[in-house]
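Structure first, commentary second.
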Amino acid sequence: MKFLISMHINPAVLDALTDEEKEAIGSGHGRFIEDLRASGEMINTQALVDPSQAAVVKVRGGQTVVTDGPFLEAKEFLGGFYLVDVEDRDRALELAAQIPDAAIEGLGVEVRQVMFYDGQLEA
Amino acid sequence: MTEPDRTPHEVEGLLRELAPQVLGALVRRHGQFEGCEDAVQEAVLAASVQWPAEGVPDSPRGWLVAVAQRRLIDQMRSEHARRERETAHATEIVPEDVPDTDDTLVLLFLCCHPTLTAASQTALTLRAVGGLTTAEIARAFLVPEATMAARISRAKQRIRAAGSRFELPEGAEREERLRVVLHVLYLIFNEGYTASSGDELDRADLAREAIRLVRMVHAQLPEDGEVAGLLALMLLTHARRDARTTAGGDLVPLDEQDRGKWDRALIDEGTALVKGALADTTLGPYQLQAAIAATHADAAKADETNWRQVHALYLILERIAPNPMVTLNRAIALAEIDGPAAGLAVLADLDGDERMSGHHRLLSVRAHLLEKTGETDAAYEHYRAAAKATASLAEQRYLESRAARLKR
């Protein structure tokens with residue numbers, strides 16, 4: 001089963017961390033990535049640039065309007081994700097708990113299953 | 001070299017058939033399953049390039065054993081396998097005493113080792129027994145090749161760590177391990193039959209591959225009723241392949257399928273198999289599921305289905321292998337016999353079951369039965385809730401359309 005584990009970051013929380021804490025997050029992700037690759041569960045992982053660098057695109061009456069800044073006025077933003085292929089939901093939750101962000105007050109790690117195309121109707 | 005006119009497709013079929021035999025021969029001679037498995041994979045890859053171009057050697061099996069053996073020795077000697085040279089000279093190597101035993105079963109037991117996750121068991125089985133390449137397996141499961149390669153290599157490390165021996169388990173353990181093997185083959189089939197996006201052809205291949213593997217097991221264990229039952233179940237399910245989706249890819253429920261599109265040859269074979277198994281062997285869940293599929297296949301039209309027989313079979317299945325999904329299916333059958341209220345009463349028993357709480361199948365079956373009793377609003381809410389709960393886009397689309405139909 002494929003799951004998206006997304007890291008929701010709060011820039012204010014990240015800014016308030018000490019250098020050691022920031023360093024620990026970085027190396028924690030490094031180890032996590034290494035383990036995921038070795039276990040054959042990693043599909044992809046990406047980190048996103050700071051939300052201040054985002055642009056919002058809208059088309060209104062045929063006119064494209066581009067505005068700077070994130071779409072939502074929020075404290076938390078999508079900071080990056082892991083796309084994993086795991087045995088079941090419990091394993092995805094177990095992996096999420098290993099992500100350093102999960103242990104930091106004010107940061108969130110979210111787990112959602114990826115939809116697949118086909119399905120089964122009959123018994 | 002003889003038979004130079006084999007197509008790549010025919011070569012592929014031959015290689016898949018030979019791969020487990022070659023691997024078995026190598027492991028018997030050298031031990032170390034892990035290294036042998038890598039060596040056979042490389043030999044198979046080499047043959048898949050060389051044979052269609054240059055012809056299939058007189059003894060394909062001997063050629064593969066010789067090449068794989070060279071690779072293995074190379075691996076043992078140095079990390080830098082001298083690949084090109086070995087392949088070029090392989091045809092000159094006279095194969096030594098290749099043991100003439102078929103180790104397919106031993107390999108299956110090993111690949112479906114109980115310490116592995118289901119995902120690892122299926123991947124390793126497809127590679128070591130099915131003779132598929134890592135790239136093919138990765139494509140079928142829609143993951144990057146590196147992911148699949150890591151998964152397979154981790155699985156082999158685990159088998160080694162478990163200290164597994166290259167022999168058939170005995171007695172009760174054998175029986176238990178065979179159930180795991182059959183479950184893994186069932187999962188491979190299901191992956192091909194029901195799941196996921198991606199290339200349709202690849203998915204159908206997985207179902208066919210599972211059928212091929214179960215045929216191999218059935219040939220070796222013709223007396224085992226559950227092996228026969230699983231093969232029958234796969235054939236009877238695969239027979240409906242062309243009828244279960246529209247041209248646009250939408251799912252078609254069993255009662256609306258064009259039964260003229262069902263594959264009669266597969267149905268006949270599956271039906272004969274399950275009848276034989278039910279008559280001559282110990283009863284088991286796969287035989288019962290196959291018998292249910294055969295009952296459906298027996299009806300020329302949906303409204304000619306023998307629901308009493310279907311219900312009776314689900315009752316027995318519920319007794320020997322209790323599972324909320326079986327109860328759910330029995331509710332559908334009972335509703336066909338005694339009306340939707342009787343089906344809903346069975347569903348009520350499942351409400352306390354934690355495994356089914358919020359499950360889209362429970363929601364959708366309830367919606368269906370509520371629709372039949374005329375409780376349109378409740379049916380609508382349940383279809384919508386089921387659509388939210390499923391992870392399948394095709395099911396979601398179907399459930400949304402059922403809901404929309406009620407509001408028209």
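Convention: chains lettered A, B, ... in structure tokens order; per-chain residue numbering from 1; ligands numbered from 1 as shown.
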Worksheet item: For chain A against chain B, which residues fall within 12 Å using only C-alpha atoms, given as JSON, numbers by chain?
Response: {"A": [1, 2, 3, 34, 35, 36, 37, 38, 39, 40, 41, 42, 43, 44, 83, 84, 85, 86, 87, 88, 91, 112, 113, 114, 115, 116, 117, 118, 119, 120, 121, 122, 123]}
Discussion item. I'd like to know which residues of chain A are strand (DSSP E or B) (by DSSP, run on the backbone); could you write them as a VMD selection string?
Written reply: chain A and resid 2 to 9 42 to 47 55 to 60 63 to 68 77 to 85 108 to 113 116
Include C-alpha atoms and write out the residues we just selected as a short mmCIF file (atom, residue, chain, number, x, y, z; two decimals), in the first residue's frame.
```
data_model
loop_
_atom_site.label_atom_id
_atom_site.label_comp_id
_atom_site.auth_asym_id
_atom_site.auth_seq_id
_atom_site.Cartn_x
_atom_site.Cartn_y
_atom_site.Cartn_z
CA LYS A 2 1.26 3.41 -0.91
CA PHE A 3 1.14 6.28 1.55
CA LEU A 4 2.15 9.91 1.47
CA ILE A 5 3.81 10.99 4.69
CA SER A 6 3.86 14.77 4.64
CA MET A 7 5.74 17.11 6.92
CA HIS A 8 3.85 20.22 7.95
CA ILE A 9 6.28 22.82 9.10
CA MET A 42 10.96 4.24 -0.44
CA ILE A 43 9.34 5.49 -3.63
CA ASN A 44 10.31 9.14 -3.49
CA THR A 45 11.01 12.01 -1.16
CA GLN A 46 11.19 15.74 -1.80
CA ALA A 47 11.60 18.86 0.29
CA ALA A 55 3.44 31.82 -5.94
CA VAL A 56 -0.32 31.47 -6.37
CA VAL A 57 -1.69 31.36 -9.89
CA LYS A 58 -5.29 32.28 -10.67
CA VAL A 59 -7.06 32.63 -13.99
CA ARG A 60 -9.98 35.06 -13.85
CA GLN A 63 -6.49 36.72 -17.32
CA THR A 64 -3.71 34.98 -15.44
CA VAL A 65 -2.91 36.60 -12.12
CA VAL A 66 0.21 35.54 -10.23
CA THR A 67 0.63 36.64 -6.63
CA ASP A 68 3.58 36.00 -4.35
CA PHE A 77 2.87 24.78 5.52
CA LEU A 78 3.74 21.69 3.54
CA GLY A 79 7.49 21.41 3.88
CA GLY A 80 8.16 18.11 2.15
CA PHE A 81 7.02 14.53 1.82
CA TYR A 82 7.91 10.88 1.69
CA LEU A 83 6.06 8.64 -0.74
CA VAL A 84 6.36 5.07 0.57
CA ASP A 85 5.13 1.61 -0.38
CA GLY A 108 3.09 17.89 12.26
CA VAL A 109 3.52 14.69 10.30
CA GLU A 110 0.48 13.52 8.35
CA VAL A 111 -0.14 10.06 6.86
CA ARG A 112 -2.59 9.52 3.99
CA GLN A 113 -3.08 6.57 1.69
CA PHE A 116 -5.25 3.45 -6.77
#
```
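Between CA of Val184 (chain B) and CA of Gln121 (chain B) the interatomic distance comes to 6.7 Å.
Interatomic distance, CA of Lys156 (chain B) to CA of Phe33 (chain B): 7.8 Å.
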Item to complete: Return as a PyMOL selection string the full set of residues in region 74-309 of chain B whose backbone-based DSSP assignment is alpha helix (DSSP H).
Response: chain B and resi 74-77+83-90+104-111+118-124+134-140+145-161+171-193+200-220+225-238+264-280+285-298+307-309
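Note that the spacing between CA of Asp303 (chain B) and CA of Ile337 (chain B) amounts to 11.3 Å.
For His9 (chain B), the non-local neighbours within 12 Å, defined as residues at least 3 positions apart in the same chain or in other chains and counting only C-alpha atoms, are Asp5, Arg6, Glu12, Gly13, Leu14, Leu15, Arg16, Ser48, Val49, Trp51 and Pro52 of chain B.
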Worksheet item: Which of these residues is nearest to Arg179 (chain B), using only C-alpha atoms: B:Gly248, B:Gly276, B:Gly284, B:Gly131?
Response: B:Gly284
